[in-house]
file query00.cif (mmCIF, C-alpha atoms)
data_structure
#
loop_
_atom_site.label_atom_id
_atom_site.label_comp_id
_atom_site.auth_asym_id
_atom_site.auth_seq_id
_atom_site.Cartn_x
_atom_site.Cartn_y
_atom_site.Cartn_z
CA MET A 1 -27.40 -11.66 -12.76
CA LYS A 2 -25.36 -8.48 -12.19
CA GLU A 3 -22.62 -7.70 -14.72
CA LEU A 4 -19.83 -5.15 -15.02
CA ASP A 5 -17.48 -4.36 -17.87
CA VAL A 6 -13.83 -4.43 -16.80
CA TYR A 7 -11.47 -1.99 -18.52
CA LEU A 8 -7.69 -1.78 -18.44
CA GLU A 9 -5.93 1.53 -19.18
CA ALA A 10 -4.70 1.95 -22.79
CA VAL A 11 -6.97 -0.84 -24.09
CA GLN A 12 -10.04 0.56 -25.84
CA PRO A 13 -12.70 -2.18 -25.51
CA PRO A 14 -13.52 -3.90 -22.22
CA ILE A 15 -10.96 -6.58 -21.48
CA GLY A 16 -13.32 -8.70 -19.40
CA ARG A 17 -16.66 -9.12 -17.67
CA LEU A 18 -17.31 -9.51 -13.95
CA SER A 19 -20.64 -10.99 -12.92
CA SER A 20 -22.47 -12.37 -9.90
CA GLY A 21 -25.31 -14.87 -10.03
CA ALA A 22 -28.38 -15.32 -7.88
CA ASP A 23 -26.29 -17.35 -5.44
CA GLY A 24 -23.86 -14.42 -5.04
CA ASN A 25 -20.94 -16.27 -6.62
CA LEU A 26 -18.57 -14.21 -8.75
CA ALA A 27 -17.27 -15.04 -12.20
CA PHE A 28 -14.72 -13.22 -14.33
CA GLN A 29 -14.05 -13.87 -18.00
CA TYR A 30 -11.56 -12.20 -20.32
CA THR A 31 -13.21 -10.86 -23.48
CA HIS A 32 -10.00 -9.47 -25.01
CA ALA A 33 -7.09 -11.86 -25.58
CA GLU A 34 -4.44 -9.49 -26.98
CA LEU A 35 -3.18 -7.96 -23.73
CA LEU A 36 0.34 -6.91 -22.79
CA HIS A 37 -0.25 -8.41 -19.36
CA PRO A 38 -3.12 -9.96 -17.39
CA ILE A 39 -4.94 -8.00 -14.67
CA SER A 40 -3.29 -10.33 -12.12
CA VAL A 41 -0.62 -13.00 -12.02
CA SER A 42 -3.34 -15.07 -10.29
CA LEU A 43 -5.63 -14.61 -13.33
CA PRO A 44 -3.63 -15.44 -16.50
CA VAL A 45 -5.39 -14.61 -19.77
CA ARG A 46 -7.47 -17.59 -20.88
CA GLU A 47 -10.73 -18.29 -22.66
CA ALA A 48 -12.49 -20.12 -19.83
CA PRO A 49 -14.09 -18.02 -17.09
CA TYR A 50 -12.73 -17.89 -13.54
CA GLY A 51 -14.99 -18.95 -10.70
CA ASP A 52 -15.89 -17.36 -7.39
CA VAL A 53 -12.73 -18.10 -5.38
CA GLU A 54 -10.31 -16.82 -8.04
CA SER A 55 -12.45 -13.82 -9.01
CA ARG A 56 -13.21 -12.77 -5.45
CA GLY A 57 -9.52 -12.98 -4.50
CA PHE A 58 -8.69 -10.22 -6.97
CA PHE A 59 -11.77 -7.99 -7.17
CA SER A 60 -12.63 -7.89 -3.45
CA ASN A 61 -9.20 -6.37 -2.82
CA LEU A 62 -10.08 -3.36 -4.99
CA LEU A 63 -12.44 -2.11 -2.28
CA PHE A 64 -11.81 -0.24 0.95
CA GLU A 65 -12.34 -1.74 4.42
CA ASN A 66 -13.37 1.31 6.46
CA GLU A 67 -16.45 3.35 7.31
CA MET A 68 -16.67 4.86 3.83
CA ARG A 69 -17.57 1.38 2.58
CA ASP A 70 -20.24 1.09 5.29
CA GLN A 71 -21.68 4.44 4.18
CA VAL A 72 -22.06 3.21 0.60
CA MET A 73 -23.52 -0.10 1.74
CA ALA A 74 -26.13 1.63 3.92
CA ARG A 75 -27.09 4.18 1.27
CA HIS A 76 -27.66 1.59 -1.45
CA GLY A 77 -28.64 -1.45 0.62
CA ILE A 78 -25.63 -3.50 -0.48
CA ALA A 79 -24.21 -6.47 1.46
CA ALA A 80 -20.50 -6.56 2.25
CA SER A 81 -20.17 -9.77 0.22
CA ASP A 82 -21.73 -8.15 -2.87
CA ILE A 83 -18.49 -7.22 -4.63
CA VAL A 84 -20.18 -6.51 -7.97
CA GLY A 85 -22.75 -4.29 -6.27
CA LEU A 86 -20.07 -2.28 -4.48
CA LEU A 87 -17.92 -1.93 -7.60
CA TYR A 88 -21.03 -0.80 -9.51
CA HIS A 89 -20.88 2.38 -7.39
CA LEU A 90 -17.15 2.56 -6.64
CA GLY A 91 -15.30 0.85 -9.47
CA THR A 92 -14.76 3.66 -11.96
CA ASP A 93 -11.27 4.53 -10.68
CA CYS A 94 -9.78 1.55 -8.86
CA PRO A 95 -6.21 0.98 -7.64
CA GLY A 96 -4.00 0.15 -10.58
CA ALA A 97 -5.34 0.65 -14.11
CA ILE A 98 -8.71 -1.04 -13.60
CA SER A 99 -12.17 0.42 -14.17
CA CYS A 100 -15.23 -1.70 -13.31
CA VAL A 101 -18.41 -0.08 -14.67
CA PRO A 102 -22.01 -1.09 -15.49
CA ARG A 103 -22.36 -2.88 -18.83
CA GLY A 104 -22.22 -0.37 -21.66
CA ASP A 105 -20.89 2.53 -19.56
CA ALA A 106 -17.61 4.26 -20.33
CA PRO A 107 -14.59 3.58 -18.12
CA GLY A 108 -13.01 6.18 -15.87
CA LYS A 109 -11.61 9.11 -17.84
CA ARG A 110 -8.31 8.19 -19.47
CA PRO A 111 -6.17 10.08 -19.37
CA GLY A 112 -7.33 12.65 -16.85
CA VAL A 113 -6.66 16.17 -18.09
CA LEU A 114 -5.76 18.63 -15.33
CA SER A 115 -7.43 21.63 -16.97
CA GLU A 116 -10.70 19.78 -17.67
CA ASP A 117 -11.40 16.95 -15.23
CA TYR A 118 -10.64 18.27 -11.73
CA ASP A 119 -11.80 20.89 -9.25
CA VAL A 120 -9.33 22.52 -6.86
CA LEU A 121 -10.13 22.18 -3.16
CA GLU A 122 -10.36 25.63 -1.56
CA GLY A 123 -7.68 26.08 1.10
CA SER A 124 -5.49 23.31 -0.30
CA PRO A 125 -1.76 23.41 0.44
CA VAL A 126 0.63 23.89 -2.46
CA VAL A 127 2.46 20.60 -2.93
CA PRO A 128 6.01 20.86 -4.33
CA ASP A 129 7.37 18.38 -6.82
CA ASP A 130 8.62 15.17 -5.20
CA ASP A 131 12.25 15.22 -4.20
CA ALA A 132 14.46 12.49 -5.60
CA ARG A 133 15.55 11.77 -2.03
CA GLN A 134 13.27 11.22 0.94
CA ASP A 135 14.35 13.38 3.89
CA TYR A 136 13.40 14.10 7.49
CA GLY A 137 11.78 17.43 6.69
CA LEU A 138 8.98 17.99 9.18
CA ASP A 139 7.84 21.40 7.96
CA PRO A 140 4.17 20.70 7.19
CA LEU A 141 2.31 21.86 4.12
CA PRO A 142 -0.07 24.50 5.55
CA VAL A 143 -3.85 24.11 5.38
CA ALA A 144 -6.04 27.22 5.48
CA ASP A 145 -8.12 27.29 8.68
CA LYS A 146 -11.85 26.49 8.25
CA SER A 147 -11.34 25.98 4.53
CA GLU A 148 -12.93 23.30 2.36
CA PHE A 149 -9.71 21.32 2.60
CA ALA A 150 -9.64 21.63 6.41
CA ARG A 151 -13.26 20.43 6.64
CA LEU A 152 -12.39 17.43 4.51
CA MET A 153 -9.46 16.53 6.79
CA GLN A 154 -11.60 17.00 9.91
CA SER A 155 -14.28 14.66 8.57
CA LEU A 156 -11.68 12.01 7.73
CA ARG A 157 -10.19 12.40 11.21
CA ASP A 158 -13.46 12.34 13.16
CA HIS A 159 -15.79 10.21 11.02
CA ARG A 160 -13.48 8.22 8.69
CA ARG A 161 -15.45 9.49 5.70
CA LEU A 162 -15.96 12.53 3.52
CA PRO A 163 -18.05 15.52 4.64
CA ASP A 164 -21.79 15.25 4.10
CA GLU A 165 -21.68 17.60 1.12
CA ASN A 166 -19.59 15.04 -0.75
CA VAL A 167 -22.15 12.48 -1.88
CA LYS A 168 -19.66 9.93 -3.21
CA ASP A 169 -16.13 8.88 -2.40
CA PRO A 170 -14.14 9.11 -5.65
CA SER A 171 -12.03 5.99 -5.07
CA PRO A 172 -12.28 2.63 -3.29
CA LEU A 173 -9.13 2.88 -1.16
CA ALA A 174 -8.08 -0.01 1.07
CA GLY A 175 -7.11 0.42 4.71
CA VAL A 176 -8.40 1.33 8.14
CA GLN A 177 -7.36 4.99 8.22
CA GLY A 178 -9.46 7.82 6.86
CA LYS A 179 -8.17 8.17 3.31
CA ILE A 180 -8.98 10.06 0.17
CA ALA A 181 -7.40 10.09 -3.29
CA LEU A 182 -6.50 13.55 -4.63
CA THR A 183 -4.78 15.03 -7.66
CA ARG A 184 -1.92 17.52 -7.73
CA MET A 185 -2.87 20.32 -10.11
CA ALA A 186 -0.50 22.22 -12.38
CA ASP A 187 -0.01 24.96 -9.77
CA GLY A 188 0.69 22.44 -6.98
CA ARG A 189 -2.70 22.69 -5.25
CA LEU A 190 -4.77 19.55 -4.66
CA GLY A 191 -8.11 18.80 -6.25
CA LEU A 192 -10.77 16.13 -6.70
CA PRO A 193 -11.95 14.53 -9.95
CA ARG A 194 -15.14 16.13 -11.20
CA ALA A 195 -18.28 14.17 -10.38
CA GLY A 196 -18.87 11.35 -12.81
CA SER A 197 -15.50 11.65 -14.54
CA GLY A 198 -13.69 8.80 -12.81
CA ALA A 199 -10.47 10.61 -13.66
CA PRO A 200 -7.27 9.21 -12.09
CA THR A 201 -5.71 10.72 -8.99
CA THR A 202 -2.03 11.26 -8.14
CA HIS A 203 -1.85 11.28 -4.32
CA ILE A 204 -3.43 9.63 -1.27
CA LEU A 205 -4.08 11.63 1.89
CA LYS A 206 -4.24 9.58 5.11
CA VAL A 207 -5.67 11.29 8.21
CA PRO A 208 -5.56 9.32 11.49
CA ARG A 209 -7.90 9.70 14.43
CA ALA A 210 -7.04 12.52 16.85
CA ALA A 211 -5.66 10.08 19.43
CA ALA A 212 -3.24 8.62 16.85
CA MET A 213 -2.04 11.91 15.32
CA THR A 214 1.62 11.19 16.19
CA SER A 215 1.53 8.32 13.67
CA VAL A 216 1.79 10.87 10.85
CA VAL A 217 5.30 11.95 11.82
CA ARG A 218 6.54 8.48 12.73
CA GLU A 219 5.41 6.95 9.43
CA HIS A 220 6.97 9.83 7.49
CA LEU A 221 10.26 9.32 9.35
CA ALA A 222 10.17 5.54 8.92
CA MET A 223 9.59 5.93 5.19
CA ALA A 224 12.53 8.33 5.04
CA ILE A 225 14.83 5.87 6.80
CA MET A 226 13.74 3.06 4.47
CA ALA A 227 14.59 5.25 1.47
CA ARG A 228 17.98 6.16 2.95
CA VAL A 229 19.35 2.75 3.85
CA GLN A 230 18.46 0.52 0.89
CA GLY A 231 18.19 0.97 -2.85
CA HIS A 232 14.65 -0.08 -3.75
CA PRO A 233 12.24 2.81 -4.47
CA VAL A 234 10.04 4.06 -1.62
CA ALA A 235 6.82 6.02 -2.01
CA HIS A 236 7.35 9.73 -1.32
CA THR A 237 5.52 11.26 1.66
CA GLN A 238 4.86 14.78 2.96
CA ILE A 239 3.15 16.01 6.12
CA VAL A 240 0.02 18.13 5.68
CA GLY A 241 -1.41 20.32 8.45
CA GLU A 242 -0.39 20.87 12.07
CA GLY A 243 -1.38 20.13 15.66
CA ASP A 244 -4.44 17.93 16.03
CA LEU A 245 -5.22 18.06 12.30
CA ARG A 246 -2.43 16.41 10.36
CA GLY A 247 -2.28 13.98 7.48
CA LEU A 248 0.29 12.10 5.45
CA LEU A 249 0.26 12.84 1.73
CA VAL A 250 1.61 9.90 -0.28
CA THR A 251 2.53 10.08 -3.96
CA ARG A 252 0.87 7.24 -5.88
CA PHE A 253 3.25 4.96 -7.77
CA ASP A 254 0.39 3.60 -9.91
CA ARG A 255 -0.18 6.97 -11.58
CA GLU A 256 1.96 8.87 -14.07
CA ALA A 257 1.82 12.61 -14.76
CA ASN A 258 2.94 13.92 -18.14
CA GLY A 259 2.19 17.59 -18.62
CA GLN A 260 -1.59 17.99 -18.39
CA ASP A 261 -2.25 14.26 -18.64
CA ILE A 262 -2.63 11.87 -15.69
CA ARG A 263 -2.48 8.18 -16.62
CA ARG A 264 -2.94 4.98 -14.65
CA LEU A 265 -0.28 2.30 -14.28
CA HIS A 266 -1.47 -1.16 -13.39
CA GLN A 267 -0.60 -2.62 -10.00
CA GLU A 268 -1.85 -5.37 -7.72
CA ASP A 269 -1.08 -6.13 -4.11
CA PHE A 270 0.23 -9.51 -2.99
CA CYS A 271 -3.21 -10.61 -1.76
CA GLN A 272 -4.47 -10.21 -5.31
CA ALA A 273 -1.38 -11.82 -6.83
CA LEU A 274 -1.92 -14.86 -4.56
CA GLY A 275 -5.69 -14.91 -5.08
CA LEU A 276 -6.36 -14.33 -1.37
CA GLY A 277 -9.06 -12.24 0.25
CA HIS A 278 -7.90 -9.38 2.47
CA GLN A 279 -8.73 -11.49 5.55
CA LEU A 280 -5.72 -13.68 4.67
CA LYS A 281 -3.18 -10.87 4.48
CA TYR A 282 -1.35 -12.34 7.51
CA GLU A 283 0.28 -15.76 7.42
CA ARG A 284 -1.37 -16.67 10.74
CA ASN A 285 -4.85 -16.33 9.21
CA GLY A 286 -4.26 -18.71 6.30
CA VAL A 287 -3.97 -22.45 5.86
CA GLU A 288 -1.49 -24.53 3.91
CA GLY A 289 -1.86 -23.81 0.21
CA ARG A 290 -3.75 -20.54 0.83
CA GLN A 291 -1.34 -18.52 2.90
CA PHE A 292 0.84 -15.43 2.68
CA ASN A 293 4.17 -16.93 3.70
CA ALA A 294 7.82 -16.84 2.66
CA THR A 295 7.41 -19.70 0.19
CA ALA A 296 4.48 -17.99 -1.54
CA ILE A 297 6.46 -14.72 -1.63
CA GLY A 298 9.41 -16.48 -3.26
CA GLN A 299 7.13 -17.93 -5.93
CA LEU A 300 5.69 -14.51 -6.67
CA LEU A 301 9.11 -12.86 -6.94
CA GLY A 302 10.10 -15.55 -9.44
CA GLN A 303 7.37 -14.25 -11.78
CA THR A 304 8.74 -10.69 -11.96
CA ALA A 305 10.69 -9.24 -14.89
CA THR A 306 13.92 -9.40 -12.84
CA PRO A 307 13.61 -12.17 -10.23
CA GLY A 308 17.14 -11.72 -8.84
CA ALA A 309 16.75 -8.00 -8.24
CA SER A 310 13.25 -8.49 -6.80
CA ARG A 311 14.52 -11.19 -4.45
CA GLN A 312 17.34 -8.98 -3.16
CA ALA A 313 15.02 -6.01 -2.76
CA PHE A 314 12.47 -8.02 -0.80
CA PHE A 315 15.17 -9.48 1.44
CA GLU A 316 16.44 -5.99 2.28
CA LEU A 317 12.97 -4.47 2.69
CA THR A 318 12.04 -7.27 5.11
CA LEU A 319 15.11 -6.74 7.29
CA VAL A 320 14.70 -2.97 7.37
CA ASN A 321 11.00 -3.32 8.22
CA MET A 322 12.04 -5.54 11.13
CA LEU A 323 14.66 -3.02 12.27
CA LEU A 324 12.08 -0.21 12.05
CA GLY A 325 9.62 -2.16 14.18
CA ASN A 326 7.17 -2.58 11.30
CA SER A 327 5.82 -6.07 11.92
CA ASP A 328 2.68 -5.14 9.96
CA ASN A 329 4.17 -5.59 6.47
CA HIS A 330 1.33 -7.85 5.38
CA ALA A 331 0.30 -8.96 1.89
CA LYS A 332 -1.63 -5.78 1.11
CA ASN A 333 1.47 -3.72 1.93
CA HIS A 334 3.48 -5.26 -0.91
CA ALA A 335 2.60 -4.92 -4.58
CA PHE A 336 3.54 -5.55 -8.19
CA LEU A 337 3.70 -2.75 -10.77
CA PHE A 338 3.09 -3.63 -14.43
CA ARG A 339 5.00 -1.73 -17.11
CA GLY A 340 5.49 -4.67 -19.45
CA ALA A 341 4.54 -8.31 -19.91
CA LYS A 342 5.92 -9.20 -16.48
CA PRO A 343 5.57 -7.09 -13.33
CA ASP A 344 8.21 -5.38 -11.21
CA LEU A 345 8.25 -5.17 -7.42
CA ALA A 346 6.45 -1.92 -6.62
CA PRO A 347 7.98 0.80 -4.42
CA ALA A 348 7.78 0.23 -0.67
CA TYR A 349 4.85 1.88 1.14
CA ASP A 350 2.86 1.86 4.42
CA ILE A 351 5.94 1.52 6.65
CA ASP A 352 4.80 2.14 10.22
CA PRO A 353 6.72 1.20 13.43
CA VAL A 354 3.80 -0.59 15.08
CA LEU A 355 6.20 -1.96 17.71
CA LEU A 356 5.27 1.25 19.54
CA ASP A 357 1.59 0.29 19.65
CA ASN A 358 -0.30 -1.97 22.01
CA VAL A 359 -0.96 -4.61 19.36
CA THR A 360 0.45 -8.04 18.63
CA HIS A 361 3.98 -7.74 17.34
CA GLU A 362 3.93 -11.06 15.56
CA MET A 363 5.35 -10.53 12.10
CA ALA A 364 2.97 -10.65 9.13
CA PHE A 365 4.86 -13.70 7.89
CA ARG A 366 7.38 -15.91 9.65
CA LEU A 367 11.08 -15.92 8.96
CA GLY A 368 11.87 -19.57 9.49
CA SER A 369 10.29 -20.41 12.84
CA ALA A 370 10.64 -16.86 14.21
CA ARG A 371 7.35 -15.09 14.89
CA ILE A 372 8.73 -11.77 16.19
CA GLY A 373 11.73 -9.75 15.09
CA GLU A 374 13.83 -10.11 18.22
CA ASP A 375 13.80 -13.93 17.88
CA ILE A 376 15.25 -14.12 14.36
CA ALA A 377 18.34 -16.34 14.45
CA ALA A 378 20.73 -17.54 11.73
CA ASP A 379 18.69 -20.68 11.02
CA ASP A 380 15.56 -18.58 10.57
CA LEU A 381 17.19 -16.15 8.17
CA ASP A 382 18.69 -19.09 6.27
CA ALA A 383 15.23 -20.67 5.89
CA PHE A 384 13.81 -17.32 4.75
CA CYS A 385 16.54 -16.93 2.11
CA LYS A 386 15.90 -20.43 0.76
CA ALA A 387 12.17 -19.75 0.58
CA LEU A 388 12.84 -16.60 -1.43
CA GLY A 389 14.97 -18.60 -3.89
CA TYR A 390 18.52 -18.15 -2.62
CA ARG A 391 20.82 -21.15 -2.24
CA ALA A 392 21.38 -20.27 1.41
CA LEU A 393 22.19 -17.41 3.78
CA THR A 394 25.53 -16.61 2.18
CA SER A 395 28.39 -14.50 3.54
CA PRO A 396 27.49 -11.58 1.22
CA LEU A 397 23.92 -11.64 2.56
CA ILE A 398 25.19 -11.63 6.14
CA ARG A 399 27.49 -8.69 5.34
CA ARG A 400 24.61 -6.84 3.72
CA SER A 401 22.44 -7.52 6.77
CA LYS A 402 25.04 -5.92 9.03
CA GLU A 403 25.33 -2.94 6.67
CA LEU A 404 21.57 -2.42 6.82
CA ALA A 405 21.51 -2.62 10.63
CA LEU A 406 24.38 -0.15 10.94
CA ALA A 407 22.78 2.20 8.40
CA CYS A 408 19.49 2.17 10.33
CA VAL A 409 21.25 2.97 13.61
CA GLU A 410 23.21 5.78 11.96
CA SER A 411 20.04 7.18 10.40
CA VAL A 412 18.19 7.48 13.71
CA ASN A 413 21.09 9.31 15.35
CA ASP A 414 20.05 12.52 13.58
CA LEU A 415 16.27 12.10 13.85
CA PRO A 416 14.54 15.30 15.00
CA ARG A 417 13.72 15.44 18.71
CA PRO A 418 11.39 14.89 20.43
CA SER A 419 9.25 13.58 17.55
CA GLY A 420 11.76 10.94 16.47
CA LYS A 421 12.92 9.80 19.89
CA ARG A 422 10.70 6.73 20.28
CA LEU A 423 11.34 5.58 16.71
CA GLY A 424 15.05 5.85 17.41
CA ASP A 425 14.62 3.66 20.50
CA VAL A 426 12.80 1.02 18.46
CA VAL A 427 15.55 0.87 15.85
CA ARG A 428 18.32 0.67 18.45
CA GLN A 429 16.49 -2.07 20.34
CA GLN A 430 15.86 -4.11 17.19
CA ALA A 431 19.46 -3.64 16.04
CA HIS A 432 20.66 -4.78 19.47
CA HIS A 433 18.68 -8.05 19.28
CA PHE A 434 19.74 -8.59 15.66
CA SER A 435 23.40 -8.06 16.53
CA GLU A 436 23.20 -10.40 19.52
CA ASN A 437 21.56 -13.15 17.48
CA PHE A 438 24.06 -12.92 14.63
CA ASP A 439 27.26 -11.87 16.45
CA LEU A 440 27.41 -8.77 14.25
CA GLU A 441 29.26 -6.71 16.87
CA ILE A 442 27.28 -3.58 16.09
CA GLY A 443 28.13 -2.21 19.51
CA PRO A 444 26.09 -1.26 22.58
CA GLN A 445 22.84 0.58 21.93
CA ASP A 446 21.14 3.07 24.21
CA PHE A 447 17.34 2.77 24.23
CA ASP A 448 14.43 2.98 26.62
CA LEU A 449 12.12 0.05 27.22
CA VAL A 450 10.06 -0.83 24.15
CA PRO A 451 7.44 -3.53 24.79
CA SER A 452 7.68 -6.78 22.85
CA ASN A 453 3.98 -7.75 23.13
CA ARG A 454 4.76 -11.36 22.35
CA PRO A 455 1.90 -13.28 20.72
#
call {"tool": "encode", "arguments": {"input": "query00.cif", "output": "structure tokens"}}
result
Amino acid sequence: MKELDVYLEAVQPPIGRLSSGADGNLAFQYTHAELLHPISVSLPVREAPYGDVESRGFFSNLLFENEMRDQVMARHGIAASDIVGLLYHLGTDCPGAISCVPRGDAPGKRPGVLSEDYDVLEGSPVVPDDDARQDYGLDPLPVADKSEFARLMQSLRDHRRLPDENVKDPSPLAGVQGKIALTRMADGRLGLPRAGSGAPTTHILKVPRAAAMTSVVREHLAMAIMARVQGHPVAHTQIVGEGDLRGLLVTRFDREANGQDIRRLHQEDFCQALGLGHQLKYERNGVEGRQFNATAIGQLLGQTATPGASRQAFFELTLVNMLLGNSDNHAKNHAFLFRGAKPDLAPAYDIDPVLLDNVTHEMAFRLGSARIGEDIAADDLDAFCKALGYRALTSPLIRRSKELALACVESVNDLPRPSGKRLGDVVRQQAHHFSENFDLEIGPQDFDLVPSNRP
């Protein structure tokens, strides 16, 4: 049997134990009952252990899904299904406030101390403090040519992993892009946790493949529009590097900096909250009772500290994602953030107008019977509202929908050219369909052909 101690930030002893038997089945058991909140709404604190399905639904989602994971598996001879084995090597600093470490080992450093636990990356850009308002600023943070930081970005771009001199990825990040977790130092430069420390990080750097480099600007702009047009918090982004070596630097909302100290805040994505493996992050991949759909989302929002505010925020985020052409807002792109006994809806993140890509544009979850954004009609939006917990699609919700559509159209009118041109076309096209379906009288929209790629 393999066993790991599971730690939660600010709790001194291990709060639970994760194990796998000879048959490979997982089990998780809480060993500490006096907790402010559980590690997941899908795993309430109880004395009895959780079995494989429940345990795997949460802990498998702590791990990344890209070539860095393959590198670790090959080096240590670990199967992809061996969640305990992977977390043995990668679980010291997980998303949220979780550390999974070998029995008897210390958790990841808590808090991380900037002057003690990190090494600055040579050639790093100087990252300013986050602005309170997301803007369209496209001036990139410069990266010194041929520097350590540039080599790191190049390896993420070309190989989806760290350079060979880095023997271990410091964090098990989820996603298909080349990613690394970094920490903003006191002077604004970026650094890595010192080997073996497991100290928390403050930012995530995403570097796409060379052929997809334009995605950096379009995601940054889409995030900026989302922050402009609705009131729910949005993760702050900045562009790093230029030309064929660019990345998107995202401020982590599950970390908190206070002077020299960096602390973890607990979060879980909606796959974890629903007890679903990452393969079920789209509604179309699930089955009744184990599915990321509007009904399941409504049930989750009802468990937050402020269900009404969470419901309204999710309604608005969903509509703006549709208007931005982001049909990829799947279960791992929504999260809860725990600051008290009940979670809050986490800031919006990973907003990418995939309507511009040659992929299926079926939405991650259906709104009523609608599978793509341009087909959403009044009956579909009414069904979505009821699933979220509203009485119906009321007049105030219809008015708010029109306000959001108009705000999106207004926001793209001053996008920088040529980099924002295609995103602007997507928004105008989506607003046109939305207006036609709901008689919103938004007015004629000028856009070039954007493919629908119907499923």
call {"tool": "closest_residue", "arguments": {"input": "query00.cif", "among": "A:Arg290, A:Arg371, A:His232, A:Arg161", "to": "Gln71 in chain A", "atoms": "all atoms listed in the file"}}
result
A:Arg161
call {"tool": "atom_distance", "arguments": {"input": "query00.cif", "atom1": "CA of Ala296 in chain A", "atom2": "CA of Ser42 in chain A"}}
result
12.1 Å
call {"tool": "resolve_selection", "arguments": {"input": "query00.cif", "expression": "the PyMOL selection byres ((chain A and resi 307) around 12)", "output": "PyMOL selection string"}}
result
chain A and resi 297-306+308-314+342-345+388-390
call {"tool": "resolve_selection", "arguments": {"input": "query00.cif", "expression": "the PyMOL selection byres ((chain A and resi 335) around 9)", "output": "list in words"}}
result
Gln267, Glu268, Asp269, Phe270, Cys271, Gln272, Ala273, Ala331, Lys332, Asn333, His334, Phe336, Leu337, Asp344, Leu345, Ala346, Pro347 and Ala348 of chain A
call {"tool": "resolve_selection", "arguments": {"input": "query00.cif", "expression": "the PyMOL selection byres ((chain A and resi 193) around 9)", "output": "ChimeraX atom specification"}}
result
/A:112,117-120,170,182-183,191-192,194-201
call {"tool": "atom_distance", "arguments": {"input": "query00.cif", "atom1": "CA of Gly24 in chain A", "atom2": "CA of Asp82 in chain A"}}
result
7.0 Å
call {"tool": "residues_near_point", "arguments": {"input": "query00.cif", "point": "(-3.1, -9.5, -14.8)", "cutoff": "9 Å", "atoms": "all atoms listed in the file", "output": "PyMOL selection string"}}
result
chain A and resi 37-45+266-268+273+338
call {"tool": "residues_near_point", "arguments": {"input": "query00.cif", "point": "(-20.9, -8.0, -11.7)", "cutoff": "6 Å", "atoms": "all atoms listed in the file", "output": "MDAnalysis selection string"}}
result
chainID A and resid 2:4 18:20 84
call {"tool": "closest_residue", "arguments": {"input": "query00.cif", "among": "A:Ala150, A:Val426, A:Leu249, A:Leu63", "to": "Val217 in chain A", "atoms": "all atoms listed in the file"}}
result
A:Leu249
call {"tool": "closest_residue", "arguments": {"input": "query00.cif", "among": "A:Met363, A:Leu323, A:Ala79, A:Cys100", "to": "Lys402 in chain A", "atoms": "all atoms listed in the file"}}
result
A:Leu323
call {"tool": "closest_residue", "arguments": {"input": "query00.cif", "among": "A:Pro416, A:Gly241, A:Met223, A:Ser115", "to": "Phe149 in chain A", "atoms": "all atoms listed in the file"}}
result
A:Gly241
call {"tool": "closest_residue", "arguments": {"input": "query00.cif", "among": "A:Ser81, A:Asn61, A:Gln260, A:Asn293", "to": "Asp23 in chain A", "atoms": "all atoms listed in the file"}}
result
A:Ser81
call {"tool": "closest_residue", "arguments": {"input": "query00.cif", "among": "A:Phe292, A:Phe434, A:Phe365, A:Tyr349", "to": "Leu248 in chain A", "atoms": "all atoms listed in the file"}}
result
A:Tyr349
